>>> print(open('structure-v7.cif').read())   # mmCIF, C-alpha atoms, pLDDT in the B column; chains and numbers go by the auth columns
data_coords
#
loop_
_atom_site.group_PDB
_atom_site.id
_atom_site.type_symbol
_atom_site.label_atom_id
_atom_site.label_comp_id
_atom_site.label_asym_id
_atom_site.label_seq_id
_atom_site.Cartn_x
_atom_site.Cartn_y
_atom_site.Cartn_z
_atom_site.B_iso_or_equiv
_atom_site.auth_seq_id
_atom_site.auth_asym_id
ATOM 1 C CA SER A 1 0.000 0.000 0.000 54.00 982 A
ATOM 2 C CA ASP A 2 0.986 3.655 -0.297 53.00 983 A
ATOM 3 C CA GLU A 3 1.247 3.972 3.506 56.00 984 A
ATOM 4 C CA GLU A 4 3.633 1.003 3.744 55.00 985 A
ATOM 5 C CA GLU A 5 5.817 2.408 0.953 52.00 986 A
ATOM 6 C CA GLU A 6 5.997 5.790 2.692 52.00 987 A
ATOM 7 C CA LYS A 7 6.961 4.071 5.962 50.00 988 A
ATOM 8 C CA ILE A 8 9.766 2.122 4.272 48.00 989 A
ATOM 9 C CA VAL A 9 11.112 5.272 2.597 46.00 990 A
ATOM 10 C CA ALA A 10 11.005 7.188 5.900 46.00 991 A
ATOM 11 C CA GLU A 11 12.868 4.416 7.728 48.00 992 A
ATOM 12 C CA GLY A 12 15.491 4.309 4.960 48.00 993 A
ATOM 13 C CA GLU A 13 16.060 8.058 5.205 46.00 994 A
ATOM 14 C CA GLU A 14 16.414 7.783 8.978 46.00 995 A
ATOM 15 C CA GLU A 15 19.000 5.005 8.666 54.00 996 A
ATOM 16 C CA GLU A 16 20.974 6.991 6.072 59.00 997 A
ATOM 17 C CA GLY A 17 21.124 9.922 8.473 68.00 998 A
ATOM 18 C CA GLU A 18 22.580 7.905 11.379 85.00 999 A
ATOM 19 C CA GLU A 19 26.294 8.307 11.964 86.00 1000 A
ATOM 20 C CA VAL A 20 28.285 5.063 11.860 90.00 1001 A
ATOM 21 C CA THR A 21 30.655 5.090 14.822 90.00 1002 A
ATOM 22 C CA ASP A 22 32.137 1.590 14.679 89.00 1003 A
ATOM 23 C CA LEU A 23 35.108 0.247 12.724 88.00 1004 A
ATOM 24 C CA SER A 24 33.018 -0.349 9.604 90.00 1005 A
ATOM 25 C CA ASN A 25 33.472 3.413 9.082 91.00 1006 A
ATOM 26 C CA SER A 26 36.953 3.958 7.593 93.00 1007 A
ATOM 27 C CA ASP A 27 37.168 7.465 9.065 93.00 1008 A
ATOM 28 C CA VAL A 28 36.542 6.121 12.571 94.00 1009 A
ATOM 29 C CA CYS A 29 39.135 3.400 12.009 95.00 1010 A
ATOM 30 C CA THR A 30 41.703 5.992 10.898 96.00 1011 A
ATOM 31 C CA LYS A 31 41.064 8.142 13.977 96.00 1012 A
ATOM 32 C CA TYR A 32 41.677 5.159 16.258 96.00 1013 A
ATOM 33 C CA GLN A 33 44.845 4.257 14.348 97.00 1014 A
ATOM 34 C CA GLU A 34 46.285 7.770 14.444 97.00 1015 A
ATOM 35 C CA ALA A 35 45.519 8.092 18.162 97.00 1016 A
ATOM 36 C CA ALA A 36 47.235 4.745 18.773 97.00 1017 A
ATOM 37 C CA LYS A 37 50.340 5.856 16.842 98.00 1018 A
ATOM 38 C CA ILE A 38 50.647 8.954 19.008 98.00 1019 A
ATOM 39 C CA VAL A 39 50.108 6.969 22.213 98.00 1020 A
ATOM 40 C CA ASN A 40 52.834 4.496 21.249 97.00 1021 A
ATOM 41 C CA LEU A 41 55.235 7.266 20.250 97.00 1022 A
ATOM 42 C CA THR A 42 54.635 9.084 23.542 98.00 1023 A
ATOM 43 C CA LEU A 43 55.005 5.872 25.550 97.00 1024 A
ATOM 44 C CA GLU A 44 58.307 5.085 23.855 97.00 1025 A
ATOM 45 C CA GLY A 45 59.597 8.533 24.774 97.00 1026 A
ATOM 46 C CA LEU A 46 58.439 8.200 28.383 97.00 1027 A
ATOM 47 C CA VAL A 47 60.119 4.809 28.796 95.00 1028 A
ATOM 48 C CA GLY A 48 63.407 6.347 27.669 94.00 1029 A
ATOM 49 C CA GLN A 49 62.970 9.193 30.166 95.00 1030 A
ATOM 50 C CA CYS A 50 62.491 6.892 33.179 95.00 1031 A
ATOM 51 C CA ILE A 51 66.008 7.129 34.563 94.00 1032 A
ATOM 52 C CA PRO A 52 67.389 7.720 38.080 95.00 1033 A
ATOM 53 C CA GLY A 53 66.766 11.327 39.117 95.00 1034 A
ATOM 54 C CA ALA A 54 63.827 11.878 36.774 96.00 1035 A
ATOM 55 C CA LYS A 55 60.916 13.774 38.331 96.00 1036 A
ATOM 56 C CA ILE A 56 57.396 12.421 37.966 96.00 1037 A
ATOM 57 C CA LEU A 57 55.923 15.835 37.179 95.00 1038 A
ATOM 58 C CA ASP A 58 58.521 16.411 34.450 96.00 1039 A
ATOM 59 C CA LEU A 59 57.659 13.040 32.904 97.00 1040 A
ATOM 60 C CA CYS A 60 53.929 13.857 32.928 96.00 1041 A
ATOM 61 C CA GLU A 61 54.526 17.259 31.345 96.00 1042 A
ATOM 62 C CA PHE A 62 56.826 15.715 28.722 97.00 1043 A
ATOM 63 C CA GLY A 63 54.213 13.136 27.727 97.00 1044 A
ATOM 64 C CA HIS A 64 51.425 15.731 27.671 97.00 1045 A
ATOM 65 C CA THR A 65 53.478 18.015 25.408 97.00 1046 A
ATOM 66 C CA VAL A 66 54.345 15.216 22.977 97.00 1047 A
ATOM 67 C CA MET A 67 50.737 14.029 22.687 97.00 1048 A
ATOM 68 C CA GLU A 68 49.280 17.496 22.178 97.00 1049 A
ATOM 69 C CA ALA A 69 51.973 18.497 19.661 97.00 1050 A
ATOM 70 C CA GLN A 70 51.566 15.334 17.583 97.00 1051 A
ATOM 71 C CA ALA A 71 47.763 15.468 17.651 97.00 1052 A
ATOM 72 C CA ALA A 72 47.798 19.124 16.566 96.00 1053 A
ATOM 73 C CA LYS A 73 49.440 18.102 13.264 96.00 1054 A
ATOM 74 C CA LEU A 74 46.409 16.063 12.159 95.00 1055 A
ATOM 75 C CA TYR A 75 42.783 16.886 11.326 93.00 1056 A
ATOM 76 C CA THR A 76 43.599 20.574 10.943 91.00 1057 A
ATOM 77 C CA LYS A 77 40.675 21.326 8.613 90.00 1058 A
ATOM 78 C CA LYS A 78 37.459 22.571 10.170 87.00 1059 A
ATOM 79 C CA VAL A 79 34.291 20.474 9.939 84.00 1060 A
ATOM 80 C CA ASP A 80 31.071 22.519 9.993 86.00 1061 A
ATOM 81 C CA GLY A 81 33.149 25.495 11.062 87.00 1062 A
ATOM 82 C CA LYS A 82 34.810 23.697 13.972 90.00 1063 A
ATOM 83 C CA LEU A 83 38.155 21.980 14.436 90.00 1064 A
ATOM 84 C CA VAL A 84 38.006 18.284 15.293 91.00 1065 A
ATOM 85 C CA ASP A 85 38.531 17.866 19.038 94.00 1066 A
ATOM 86 C CA ARG A 86 41.797 16.015 19.630 95.00 1067 A
ATOM 87 C CA GLY A 87 44.694 15.514 22.023 96.00 1068 A
ATOM 88 C CA VAL A 88 44.983 14.067 25.522 96.00 1069 A
ATOM 89 C CA ALA A 89 42.102 11.747 26.412 96.00 1070 A
ATOM 90 C CA PHE A 90 43.616 10.263 29.561 95.00 1071 A
ATOM 91 C CA PRO A 91 46.295 12.187 31.489 95.00 1072 A
ATOM 92 C CA ILE A 92 49.857 10.926 31.650 96.00 1073 A
ATOM 93 C CA CYS A 93 50.070 8.887 34.851 96.00 1074 A
ATOM 94 C CA ILE A 94 53.352 7.800 36.413 97.00 1075 A
ATOM 95 C CA SER A 95 52.738 5.472 39.359 95.00 1076 A
ATOM 96 C CA VAL A 96 55.766 4.265 41.306 95.00 1077 A
ATOM 97 C CA ASN A 97 56.141 1.131 43.427 93.00 1078 A
ATOM 98 C CA ASP A 98 53.134 0.695 45.760 89.00 1079 A
ATOM 99 C CA VAL A 99 51.065 3.313 43.899 90.00 1080 A
ATOM 100 C CA VAL A 100 48.886 1.121 41.671 88.00 1081 A
ATOM 101 C CA CYS A 101 47.924 3.536 38.884 89.00 1082 A
ATOM 102 C CA ASN A 102 46.363 6.876 37.893 90.00 1083 A
ATOM 103 C CA HIS A 103 48.992 9.037 39.609 92.00 1084 A
ATOM 104 C CA SER A 104 49.166 12.343 37.740 93.00 1085 A
ATOM 105 C CA PRO A 105 50.441 14.896 40.278 91.00 1086 A
ATOM 106 C CA LEU A 106 49.536 18.567 40.478 89.00 1087 A
ATOM 107 C CA PRO A 107 52.384 21.064 39.916 87.00 1088 A
ATOM 108 C CA THR A 108 52.273 21.884 43.635 89.00 1089 A
ATOM 109 C CA GLU A 109 52.773 18.260 44.732 87.00 1090 A
ATOM 110 C CA GLU A 110 56.216 17.142 45.823 82.00 1091 A
ATOM 111 C CA THR A 111 57.214 13.658 44.732 86.00 1092 A
ATOM 112 C CA LYS A 112 60.484 11.796 45.101 91.00 1093 A
ATOM 113 C CA PRO A 113 62.616 11.481 41.956 95.00 1094 A
ATOM 114 C CA LEU A 114 62.981 8.040 40.413 96.00 1095 A
ATOM 115 C CA LYS A 115 65.806 5.788 41.558 94.00 1096 A
ATOM 116 C CA ALA A 116 67.279 2.579 40.201 91.00 1097 A
ATOM 117 C CA GLY A 117 65.094 -0.403 41.035 90.00 1098 A
ATOM 118 C CA ASP A 118 61.837 1.562 41.172 93.00 1099 A
ATOM 119 C CA ILE A 119 58.843 -0.133 39.538 93.00 1100 A
ATOM 120 C CA VAL A 120 57.123 2.406 37.289 96.00 1101 A
ATOM 121 C CA LYS A 121 53.646 2.037 35.783 95.00 1102 A
ATOM 122 C CA ILE A 122 52.811 4.380 32.889 97.00 1103 A
ATOM 123 C CA ASP A 123 49.240 5.060 31.685 96.00 1104 A
ATOM 124 C CA LEU A 124 48.147 7.435 28.927 97.00 1105 A
ATOM 125 C CA GLY A 125 45.495 8.004 26.281 97.00 1106 A
ATOM 126 C CA CYS A 126 44.975 10.095 23.135 98.00 1107 A
ATOM 127 C CA HIS A 127 41.901 10.753 20.984 97.00 1108 A
ATOM 128 C CA PHE A 128 40.607 12.215 17.750 96.00 1109 A
ATOM 129 C CA ASP A 129 36.978 13.282 17.766 95.00 1110 A
ATOM 130 C CA GLY A 130 36.351 11.195 20.889 95.00 1111 A
ATOM 131 C CA TYR A 131 37.817 7.965 19.469 96.00 1112 A
ATOM 132 C CA ILE A 132 40.331 6.983 22.133 97.00 1113 A
ATOM 133 C CA ALA A 133 43.457 4.840 22.181 97.00 1114 A
ATOM 134 C CA VAL A 134 45.053 4.049 25.547 96.00 1115 A
ATOM 135 C CA ALA A 135 48.204 2.215 26.588 96.00 1116 A
ATOM 136 C CA ALA A 136 49.981 1.150 29.749 94.00 1117 A
ATOM 137 C CA HIS A 137 53.453 -0.178 30.463 94.00 1118 A
ATOM 138 C CA THR A 138 55.385 -1.349 33.511 93.00 1119 A
ATOM 139 C CA LEU A 139 59.167 -1.118 33.835 92.00 1120 A
ATOM 140 C CA VAL A 140 61.997 -1.329 36.354 91.00 1121 A
ATOM 141 C CA VAL A 141 64.279 1.732 36.392 92.00 1122 A
ATOM 142 C CA LYS A 142 67.853 0.860 35.376 89.00 1123 A
ATOM 143 C CA GLU A 143 70.985 2.312 36.967 85.00 1124 A
ATOM 144 C CA ASN A 144 72.121 3.361 33.485 82.00 1125 A
ATOM 145 C CA PRO A 145 69.899 3.541 30.371 76.00 1126 A
ATOM 146 C CA ASP A 146 72.327 1.389 28.361 78.00 1127 A
ATOM 147 C CA ASP A 147 72.482 -1.367 30.982 77.00 1128 A
ATOM 148 C CA GLU A 148 70.850 -4.708 30.390 77.00 1129 A
ATOM 149 C CA SER A 149 67.634 -5.333 32.274 72.00 1130 A
ATOM 150 C CA PRO A 150 68.444 -5.601 35.995 67.00 1131 A
ATOM 151 C CA PRO A 151 67.894 -8.859 37.888 69.00 1132 A
ATOM 152 C CA VAL A 152 64.271 -8.999 38.966 73.00 1133 A
ATOM 153 C CA ASP A 153 63.014 -10.352 42.254 82.00 1134 A
ATOM 154 C CA PRO A 154 61.375 -13.762 41.545 87.00 1135 A
ATOM 155 C CA GLU A 155 58.109 -12.644 43.147 89.00 1136 A
ATOM 156 C CA LEU A 156 57.983 -9.514 40.996 87.00 1137 A
ATOM 157 C CA GLY A 157 58.813 -11.576 37.924 87.00 1138 A
ATOM 158 C CA ASN A 158 55.957 -13.941 38.707 92.00 1139 A
ATOM 159 C CA VAL A 159 53.503 -11.050 39.012 92.00 1140 A
ATOM 160 C CA ALA A 160 54.750 -9.525 35.759 90.00 1141 A
ATOM 161 C CA VAL A 161 54.314 -12.774 33.836 93.00 1142 A
ATOM 162 C CA ALA A 162 50.873 -13.289 35.396 95.00 1143 A
ATOM 163 C CA ALA A 163 49.794 -9.783 34.385 93.00 1144 A
ATOM 164 C CA TYR A 164 51.058 -10.260 30.832 94.00 1145 A
ATOM 165 C CA ASN A 165 49.307 -13.595 30.368 95.00 1146 A
ATOM 166 C CA ALA A 166 46.130 -12.256 31.985 94.00 1147 A
ATOM 167 C CA MET A 167 46.177 -9.435 29.423 93.00 1148 A
ATOM 168 C CA LEU A 168 46.470 -11.914 26.548 95.00 1149 A
ATOM 169 C CA VAL A 169 43.666 -14.103 27.876 95.00 1150 A
ATOM 170 C CA ALA A 170 41.417 -11.110 28.620 93.00 1151 A
ATOM 171 C CA ALA A 171 41.972 -9.734 25.105 93.00 1152 A
ATOM 172 C CA SER A 172 40.997 -13.078 23.587 93.00 1153 A
ATOM 173 C CA MET A 173 37.780 -13.056 25.629 92.00 1154 A
ATOM 174 C CA ILE A 174 36.621 -9.695 24.274 90.00 1155 A
ATOM 175 C CA ALA A 175 34.227 -10.770 21.545 89.00 1156 A
ATOM 176 C CA ALA A 176 30.625 -10.401 20.460 88.00 1157 A
ATOM 177 C CA GLY A 177 28.329 -12.134 22.928 89.00 1158 A
ATOM 178 C CA LYS A 178 30.772 -11.933 25.840 88.00 1159 A
ATOM 179 C CA ASN A 179 30.357 -9.612 28.820 90.00 1160 A
ATOM 180 C CA ASN A 180 32.570 -8.037 31.469 89.00 1161 A
ATOM 181 C CA LYS A 181 31.988 -10.919 33.864 91.00 1162 A
ATOM 182 C CA ASP A 182 33.462 -13.350 31.325 90.00 1163 A
ATOM 183 C CA VAL A 183 36.596 -11.245 30.986 91.00 1164 A
ATOM 184 C CA THR A 184 36.945 -10.816 34.760 91.00 1165 A
ATOM 185 C CA ALA A 185 36.565 -14.551 35.318 92.00 1166 A
ATOM 186 C CA SER A 186 39.325 -15.280 32.799 93.00 1167 A
ATOM 187 C CA VAL A 187 41.696 -12.877 34.573 93.00 1168 A
ATOM 188 C CA GLU A 188 40.909 -14.495 37.922 94.00 1169 A
ATOM 189 C CA ARG A 189 41.707 -17.947 36.513 95.00 1170 A
ATOM 190 C CA VAL A 190 45.128 -16.776 35.315 96.00 1171 A
ATOM 191 C CA ALA A 191 45.827 -15.085 38.650 95.00 1172 A
ATOM 192 C CA LYS A 192 44.956 -18.270 40.522 95.00 1173 A
ATOM 193 C CA ALA A 193 47.317 -20.287 38.315 96.00 1174 A
ATOM 194 C CA TYR A 194 50.195 -17.964 39.279 96.00 1175 A
ATOM 195 C CA ASN A 195 49.093 -17.680 42.913 95.00 1176 A
ATOM 196 C CA VAL A 196 48.643 -13.895 42.696 94.00 1177 A
ATOM 197 C CA THR A 197 45.660 -11.650 43.417 92.00 1178 A
ATOM 198 C CA PRO A 198 43.996 -9.304 40.904 89.00 1179 A
ATOM 199 C CA ILE A 199 43.574 -5.741 42.141 85.00 1180 A
ATOM 200 C CA SER A 200 39.886 -4.867 42.380 76.00 1181 A
ATOM 201 C CA SER A 201 38.168 -1.550 41.640 69.00 1182 A
ATOM 202 C CA VAL A 202 40.984 -0.265 39.430 68.00 1183 A
ATOM 203 C CA ARG A 203 39.732 1.991 36.668 61.00 1184 A
ATOM 204 C CA MET A 204 41.580 3.586 33.796 54.00 1185 A
#
>>> encode(input="structure-v7.cif", output="structure tokens")
Amino acid sequence: SDEEEEKIVAEGEEEEGEEVTDLSNSDVCTKYQEAAKIVNLTLEGLVGQCIPGAKILDLCEFGHTVMEAQAAKLYTKKVDGKLVDRGVAFPICISVNDVVCNHSPLPTEETKPLKAGDIVKIDLGCHFDGYIAVAAHTLVVKENPDDESPPVDPELGNVAVAAYNAMLVAASMIAAGKNNKDVTASVERVAKAYNVTPISSVRM
């Protein structure tokens, strides 16, 4: 009937007007990829800066500057009269030893400089138009940057291997039809196998 045809046409127009925000949209895919490139570049620079005497605030400011400068080079044309929002999506966090994560100090905070043997966790994130790439890395500060990796305490080594394998298993569990509980359960199984305990209520 005429009414049914009009309904179909209206629904088609509505679908055409909806913005595709998943990876089937090549523009979205590119924004994720470019954000990831900047995150990896920034992370590489931060790892090289984690040396004895380095200040946490200086490291955070260095990472922030690199991310913003690199992001500013892309998507410079205005869309509908506005520049595409881009840059830091998650602040540079440098968490040392017993500080688990998300430590991004204020300029007024006093923190101890890094020393050889410190365990440093780095978190950061970049975005283009709200499409975010994040990364995290854990390292042990060397006495000298050119030294080989220092001997690691067996307990720390066990935790590091457990965390790495838990990441691999969790990543493999992220699929259509799965939920957060499935991923959490897989991490807990890996932790149990290594006789370590997952940290609860940690958000990035």
>>> atom_distance(input="structure-v7.cif", atom1="CA of Asp1128 (chain A)", atom2="CA of Cys1031 (chain A)")
13.1 Å
>>> resolve_selection(input="structure-v7.cif", expression="the PyMOL selection byres ((chain A and resi 1013) around 8)", output="ChimeraX atom specification")
/A:1009-1012,1014-1017,1108-1109,1112-1114
>>> closest_residue(input="structure-v7.cif", among="A:Lys1063, A:Asn1176, A:Gly1106, A:Val1081", to="His1045 (chain A)", atoms="all atoms listed in the file")
A:Gly1106
>>> resolve_selection(input="structure-v7.cif", expression="the PyMOL selection byres ((chain A and resi 1085) around 12)", output="PyMOL selection string")
chain A and resi 1036-1042+1044-1045+1071-1077+1080-1084+1086-1092+1102-1105
>>> write_last_selection(input="structure-v7.cif", atoms="C-alpha atoms", output="PDB file, keeping the file's coordinate frame")
ATOM      1  CA  LYS A1036      60.916  13.774  38.331  1.00 96.00           C
ATOM      2  CA  ILE A1037      57.396  12.421  37.966  1.00 96.00           C
ATOM      3  CA  LEU A1038      55.923  15.835  37.179  1.00 95.00           C
ATOM      4  CA  ASP A1039      58.521  16.411  34.450  1.00 96.00           C
ATOM      5  CA  LEU A1040      57.659  13.040  32.904  1.00 97.00           C
ATOM      6  CA  CYS A1041      53.929  13.857  32.928  1.00 96.00           C
ATOM      7  CA  GLU A1042      54.526  17.259  31.345  1.00 96.00           C
ATOM      8  CA  GLY A1044      54.213  13.136  27.727  1.00 97.00           C
ATOM      9  CA  HIS A1045      51.425  15.731  27.671  1.00 97.00           C
ATOM     10  CA  PHE A1071      43.616  10.263  29.561  1.00 95.00           C
ATOM     11  CA  PRO A1072      46.295  12.187  31.489  1.00 95.00           C
ATOM     12  CA  ILE A1073      49.857  10.926  31.650  1.00 96.00           C
ATOM     13  CA  CYS A1074      50.070   8.887  34.851  1.00 96.00           C
ATOM     14  CA  ILE A1075      53.352   7.800  36.413  1.00 97.00           C
ATOM     15  CA  SER A1076      52.738   5.472  39.359  1.00 95.00           C
ATOM     16  CA  VAL A1077      55.766   4.265  41.306  1.00 95.00           C
ATOM     17  CA  VAL A1080      51.065   3.313  43.899  1.00 90.00           C
ATOM     18  CA  VAL A1081      48.886   1.121  41.671  1.00 88.00           C
ATOM     19  CA  CYS A1082      47.924   3.536  38.884  1.00 89.00           C
ATOM     20  CA  ASN A1083      46.363   6.876  37.893  1.00 90.00           C
ATOM     21  CA  HIS A1084      48.992   9.037  39.609  1.00 92.00           C
ATOM     22  CA  PRO A1086      50.441  14.896  40.278  1.00 91.00           C
ATOM     23  CA  LEU A1087      49.536  18.567  40.478  1.00 89.00           C
ATOM     24  CA  PRO A1088      52.384  21.064  39.916  1.00 87.00           C
ATOM     25  CA  THR A1089      52.273  21.884  43.635  1.00 89.00           C
ATOM     26  CA  GLU A1090      52.773  18.260  44.732  1.00 87.00           C
ATOM     27  CA  GLU A1091      56.216  17.142  45.823  1.00 82.00           C
ATOM     28  CA  THR A1092      57.214  13.658  44.732  1.00 86.00           C
ATOM     29  CA  LYS A1102      53.646   2.037  35.783  1.00 95.00           C
ATOM     30  CA  ILE A1103      52.811   4.380  32.889  1.00 97.00           C
ATOM     31  CA  ASP A1104      49.240   5.060  31.685  1.00 96.00           C
ATOM     32  CA  LEU A1105      48.147   7.435  28.927  1.00 97.00           C
TER      33      LEU A1105
END
>>> residues_around(input="structure-v7.cif", residues="Ile1155 (chain A)", least_positions_apart="6", cutoff="12 Å", atoms="only C-alpha atoms", output="number ranges by chain")
A: 1148-1149, 1161-1165, 1167-1168
>>> residues_around(input="structure-v7.cif", residues="Val1028 (chain A)", least_positions_apart="3", cutoff="9 Å", atoms="all atoms listed in the file", output="list of chain:residue names")
A:Thr1023, A:Leu1024, A:Glu1025, A:Cys1031, A:Ile1032, A:Ile1103, A:His1118, A:Leu1120
